[in-house]
Each structure stands twice: as C-alpha cells, then as structure tokens.
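Engineer: Would you mind keeping the following structure in view while I ask a few things?
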Amino acid sequence: MAIATFGAGCFWGVEQFFKELDGVTSAVCGYMGGQQDNPSYEQVKTGESGHAEVVQVEFDESRISYQQLLDTFWQFHNPTTVNQQGEDHGSQYRSVVFFHDDTQRDTAEASKAHQQAEGYWKEKTIVTAIEPVTTFFRAEEYHQGYFDKHDLPSCHIALY
C-alpha cells in the first residue's frame, strides 16, 4: 500500500471523495503542516496552529495510481483561492499536496503544471502548494466518516 496526503478545504468532503475511489483502502481526516504537536480541532480551526485540514489516503498502486488521485484532487475543490474553499476561510483550508517521496513531488508538480496549462482552472492561477510531508495528526473520531455518520451529501464542488 502507498500513502498520499491532500488538503482541499474542509476534510469531510475530501475524505468522502477519496474513499469512494476503487483502489483506495482508507481515507483518514487529520491535520498536517503546522507547528503544534497533537493539535485539536479547536486549535486548528482558529488558523493559528499552521496546520491544514488534510486527508491521508492509503491506496493500492496496482488498482489506482497517484496520478489518478491527483486528477480527483483537482476536480473536487477550487485550487485557485488562497486559504479558502467556499464559505470556509483560513490557512487551515488551504489547497496543498503533501508529497511522501521524490516521485510524488515530481508527479504533483507535473500534474499542477498540466492543470494550469490545460485543465478546468487554466483561466485562473492555481495556488496549490506542494510541500514535503510532515507529521500527520489524526483528527478526532467524530470527524472520521462524517458524511456517512450524518447521512449528508458532500460539501465540495465536483467538476466531473
């Protein structure tokens, strides 16, 4: 199994999109990219911890590629807004790809360049950061599988 980590706004919708993909074995809500160890949701939602809401995806590379995960990532959020997704504002909602190795970094950079040149968002500037992975902090249990627990539809846009 391989691991990928994405931030694309509120992690509830991000988790939902990824866990529905064939080849994804788990999608877990959490926090990454900040200075604080073991942050709580209350600390992250202030925007002062430096962490982004992220989803860490475990996937079977024989069934789905990292590129396919990236293609999905670009399609369900707006990568052209700085620290914002819809009504959610703050650095905790930033668009970010955390790469786990050099191959993921190179693939993410090429994918971003392709999206900027030819993708849905080509008329705007894609602001998605591509950063090395840092410590992943699993979010509180009530965030995991939020839409399933509450029988809600996703809160993210979907371009496909």
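Following the order of the structure tokens, first chain is A, next is B, and so on, with residues numbered from 1 inside each chain and ligands from 1 in the order they appear.
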Might you pull out every residue within 8 Å of Thr128 of chain A, with only C-alpha atoms counted and same-chain residues fewer than 2 positions away left off, and present them as a ChimeraX atom specification?
Structural biologist: /A:79-80,94-97,112,126,130
Engineer: Can those selected residues be exported to a file as a short mmCIF file (atom, residue, chain, number, x, y, z; two decimals), in the first residue's frame so that it contains N, CA and C atoms?
Structural biologist:
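File part_26.cif, as written:
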```
data_model
loop_
_atom_site.label_atom_id
_atom_site.label_comp_id
_atom_site.auth_asym_id
_atom_site.auth_seq_id
_atom_site.Cartn_x
_atom_site.Cartn_y
_atom_site.Cartn_z
N PRO A 79 -8.66 25.08 -6.62
CA PRO A 79 -7.25 25.28 -6.27
C PRO A 79 -6.74 26.69 -6.57
N THR A 80 -7.66 27.61 -6.87
CA THR A 80 -7.24 28.98 -7.24
C THR A 80 -7.54 30.01 -6.16
N ARG A 94 -6.38 25.61 3.23
CA ARG A 94 -5.57 25.83 2.03
C ARG A 94 -5.51 24.59 1.15
N SER A 95 -5.26 24.84 -0.12
CA SER A 95 -5.07 23.78 -1.10
C SER A 95 -3.61 23.37 -1.06
N VAL A 96 -3.35 22.09 -0.74
CA VAL A 96 -1.96 21.64 -0.59
C VAL A 96 -1.86 20.14 -0.88
N VAL A 97 -0.77 19.79 -1.55
CA VAL A 97 -0.41 18.39 -1.74
C VAL A 97 0.85 18.18 -0.91
N LYS A 112 0.18 19.64 -11.53
CA LYS A 112 -0.22 21.04 -11.32
C LYS A 112 0.05 21.86 -12.57
N ILE A 126 -3.50 28.72 -10.34
CA ILE A 126 -3.58 27.67 -9.32
C ILE A 126 -2.58 28.00 -8.22
N ILE A 130 2.78 22.61 -2.94
CA ILE A 130 3.28 21.24 -2.98
C ILE A 130 4.45 21.21 -2.01
#
```
Engineer: Counting only C-alpha atoms, what is within 12 Å of Lys149 of chain A, bar same-chain residues fewer than 5 positions away, as a list in words?
Structural biologist: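 Counting only the stated atoms, we get Trp12, Gln16, Glu141, Tyr142, His143 and Gln144 of chain A.
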Engineer: What does the file look like for those residues with all heavy atoms, as a PDB file, in the first residue's frame?
Structural biologist:
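And here's selection.pdb as it stands now:
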```
ATOM      1  N   TRP A  12     -13.992  16.814   5.561  1.00  0.00           N
ATOM      2  CA  TRP A  12     -15.122  15.897   5.459  1.00  0.00           C
ATOM      3  C   TRP A  12     -15.418  15.521   4.009  1.00  0.00           C
ATOM      4  O   TRP A  12     -15.597  14.364   3.682  1.00  0.00           O
ATOM      5  CB  TRP A  12     -16.378  16.483   6.080  1.00  0.00           C
ATOM      6  CG  TRP A  12     -16.301  16.778   7.538  1.00  0.00           C
ATOM      7  CD1 TRP A  12     -15.447  16.226   8.458  1.00  0.00           C
ATOM      8  CD2 TRP A  12     -17.123  17.687   8.248  1.00  0.00           C
ATOM      9  NE1 TRP A  12     -15.699  16.744   9.699  1.00  0.00           N
ATOM     10  CE2 TRP A  12     -16.725  17.653   9.604  1.00  0.00           C
ATOM     11  CE3 TRP A  12     -18.162  18.542   7.885  1.00  0.00           C
ATOM     12  CZ2 TRP A  12     -17.332  18.427  10.590  1.00  0.00           C
ATOM     13  CZ3 TRP A  12     -18.757  19.304   8.860  1.00  0.00           C
ATOM     14  CH2 TRP A  12     -18.349  19.245  10.200  1.00  0.00           C
ATOM     15  N   GLN A  16     -14.655  11.959   1.762  1.00  0.00           N
ATOM     16  CA  GLN A  16     -15.743  11.286   1.053  1.00  0.00           C
ATOM     17  C   GLN A  16     -15.363  10.978  -0.387  1.00  0.00           C
ATOM     18  O   GLN A  16     -15.570   9.865  -0.864  1.00  0.00           O
ATOM     19  CB  GLN A  16     -17.011  12.151   1.102  1.00  0.00           C
ATOM     20  CG  GLN A  16     -18.239  11.482   0.570  1.00  0.00           C
ATOM     21  CD  GLN A  16     -18.739  10.364   1.465  1.00  0.00           C
ATOM     22  OE1 GLN A  16     -18.513  10.369   2.670  1.00  0.00           O
ATOM     23  NE2 GLN A  16     -19.413   9.396   0.881  1.00  0.00           N
ATOM     24  N   GLU A 141     -12.290  11.398  16.399  1.00  0.00           N
ATOM     25  CA  GLU A 141     -13.116  10.348  15.801  1.00  0.00           C
ATOM     26  C   GLU A 141     -14.415  10.894  15.206  1.00  0.00           C
ATOM     27  O   GLU A 141     -14.887  10.399  14.181  1.00  0.00           O
ATOM     28  CB  GLU A 141     -13.415   9.251  16.823  1.00  0.00           C
ATOM     29  CG  GLU A 141     -14.041   8.016  16.221  1.00  0.00           C
ATOM     30  CD  GLU A 141     -13.222   7.395  15.087  1.00  0.00           C
ATOM     31  OE1 GLU A 141     -11.971   7.390  15.147  1.00  0.00           O
ATOM     32  OE2 GLU A 141     -13.843   6.930  14.110  1.00  0.00           O
ATOM     33  N   TYR A 142     -15.001  11.920  15.788  1.00  0.00           N
ATOM     34  CA  TYR A 142     -16.267  12.423  15.249  1.00  0.00           C
ATOM     35  C   TYR A 142     -16.111  13.041  13.857  1.00  0.00           C
ATOM     36  O   TYR A 142     -17.102  13.238  13.149  1.00  0.00           O
ATOM     37  CB  TYR A 142     -16.950  13.392  16.218  1.00  0.00           C
ATOM     38  CG  TYR A 142     -16.273  14.727  16.437  1.00  0.00           C
ATOM     39  CD1 TYR A 142     -16.587  15.832  15.646  1.00  0.00           C
ATOM     40  CD2 TYR A 142     -15.332  14.892  17.459  1.00  0.00           C
ATOM     41  CE1 TYR A 142     -15.986  17.056  15.860  1.00  0.00           C
ATOM     42  CE2 TYR A 142     -14.725  16.114  17.672  1.00  0.00           C
ATOM     43  CZ  TYR A 142     -15.047  17.193  16.875  1.00  0.00           C
ATOM     44  OH  TYR A 142     -14.447  18.413  17.089  1.00  0.00           O
ATOM     45  N   HIS A 143     -14.873  13.314  13.430  1.00  0.00           N
ATOM     46  CA  HIS A 143     -14.639  13.818  12.069  1.00  0.00           C
ATOM     47  C   HIS A 143     -14.525  12.690  11.043  1.00  0.00           C
ATOM     48  O   HIS A 143     -14.705  12.926   9.855  1.00  0.00           O
ATOM     49  CB  HIS A 143     -13.363  14.652  12.018  1.00  0.00           C
ATOM     50  CG  HIS A 143     -13.457  15.948  12.737  1.00  0.00           C
ATOM     51  ND1 HIS A 143     -14.331  16.951  12.373  1.00  0.00           N
ATOM     52  CD2 HIS A 143     -12.785  16.422  13.809  1.00  0.00           C
ATOM     53  CE1 HIS A 143     -14.195  17.979  13.183  1.00  0.00           C
ATOM     54  NE2 HIS A 143     -13.265  17.681  14.072  1.00  0.00           N
ATOM     55  N   GLN A 144     -14.185  11.494  11.483  1.00  0.00           N
ATOM     56  CA  GLN A 144     -13.978  10.374  10.561  1.00  0.00           C
ATOM     57  C   GLN A 144     -15.325   9.887  10.023  1.00  0.00           C
ATOM     58  O   GLN A 144     -16.253   9.647  10.778  1.00  0.00           O
ATOM     59  CB  GLN A 144     -13.239   9.235  11.273  1.00  0.00           C
ATOM     60  CG  GLN A 144     -11.987   9.644  12.013  1.00  0.00           C
ATOM     61  CD  GLN A 144     -10.945  10.328  11.146  1.00  0.00           C
ATOM     62  OE1 GLN A 144     -10.798  10.051   9.957  1.00  0.00           O
ATOM     63  NE2 GLN A 144     -10.189  11.245  11.745  1.00  0.00           N
TER      64      GLN A 144
END
```
Engineer: I'd like the contact shell of Thr107 of chain A - 10 Å cut-off, only C-alpha atoms, skipping same-chain residues fewer than 5 positions apart - returned as a list in words.
Structural biologist: Tyr66, Gln67, Leu70, Phe99, Asp102, Lys112 and Ala113 of chain A
Engineer: What does the distance between atom CA of Ala2 of chain A and atom CA of Phe98 of chain A come to in Å, to one decimal place?
Structural biologist: 13.4 Å
Engineer: Please identify all polymer residues within 12 Å of Gly86 of chain A, counting only C-alpha atoms, omitting same-chain residues fewer than 3 positions from it, and present them as a compact mmCIF listing (two decimals) with N, CA, C and O atoms, in the first residue's frame.
Structural biologist:
```txt
# COMPACT_ATOMS: atom_id res chain seq x y z
N ALA A 8 -7.66 20.16 0.87
CA ALA A 8 -8.51 20.80 -0.14
C ALA A 8 -9.74 21.42 0.51
O ALA A 8 -10.85 21.27 0.03
N GLY A 9 -9.52 22.08 1.63
CA GLY A 9 -10.65 22.66 2.35
C GLY A 9 -11.11 21.72 3.45
O GLY A 9 -10.34 20.90 3.94
N CYS A 10 -12.35 21.84 3.83
CA CYS A 10 -12.91 21.00 4.89
C CYS A 10 -12.66 19.52 4.58
O CYS A 10 -13.02 19.04 3.51
N PHE A 76 -12.34 18.25 -7.35
CA PHE A 76 -13.38 18.43 -6.34
C PHE A 76 -13.14 19.61 -5.41
O PHE A 76 -13.84 19.75 -4.39
N HIS A 77 -12.21 20.48 -5.75
CA HIS A 77 -12.07 21.71 -4.97
C HIS A 77 -11.55 22.81 -5.90
O HIS A 77 -11.18 22.56 -7.03
N ASN A 78 -11.56 24.04 -5.41
CA ASN A 78 -11.07 25.16 -6.19
C ASN A 78 -9.62 25.45 -5.78
O ASN A 78 -9.39 26.01 -4.71
N PRO A 79 -8.66 25.08 -6.62
CA PRO A 79 -7.25 25.28 -6.27
C PRO A 79 -6.74 26.69 -6.57
O PRO A 79 -5.54 26.95 -6.52
N THR A 80 -7.66 27.61 -6.87
CA THR A 80 -7.24 28.98 -7.24
C THR A 80 -7.54 30.01 -6.16
O THR A 80 -7.28 31.19 -6.35
N THR A 81 -8.07 29.57 -5.04
CA THR A 81 -8.39 30.51 -3.96
C THR A 81 -7.40 30.30 -2.81
O THR A 81 -7.20 29.19 -2.34
N VAL A 82 -6.80 31.37 -2.36
CA VAL A 82 -5.83 31.31 -1.27
C VAL A 82 -6.57 31.18 0.05
O VAL A 82 -7.42 32.00 0.39
N ASN A 83 -6.26 30.10 0.78
CA ASN A 83 -6.82 29.89 2.13
C ASN A 83 -8.34 29.98 2.17
O ASN A 83 -8.91 30.54 3.10
N HIS A 89 -12.89 29.93 5.36
CA HIS A 89 -11.75 30.83 5.19
C HIS A 89 -10.69 30.55 6.25
O HIS A 89 -11.03 30.28 7.39
N GLY A 90 -9.43 30.64 5.87
CA GLY A 90 -8.33 30.47 6.81
C GLY A 90 -7.29 29.51 6.26
O GLY A 90 -7.57 28.69 5.38
N TYR A 93 -7.71 25.75 5.59
CA TYR A 93 -8.47 25.28 4.43
C TYR A 93 -7.69 25.42 3.13
O TYR A 93 -8.26 25.34 2.05
N ARG A 94 -6.38 25.61 3.23
CA ARG A 94 -5.57 25.83 2.03
C ARG A 94 -5.51 24.59 1.15
O ARG A 94 -5.68 23.47 1.60
N CYS A 155 -19.88 18.41 0.61
CA CYS A 155 -19.93 19.88 0.60
C CYS A 155 -18.99 20.47 -0.44
O CYS A 155 -18.89 21.68 -0.54
N HIS A 156 -18.30 19.64 -1.21
CA HIS A 156 -17.34 20.14 -2.18
C HIS A 156 -17.96 20.19 -3.58
O HIS A 156 -18.93 19.50 -3.87
N ILE A 157 -17.32 20.97 -4.41
CA ILE A 157 -17.73 21.02 -5.80
C ILE A 157 -17.25 19.75 -6.48
O ILE A 157 -16.34 19.09 -6.02
```
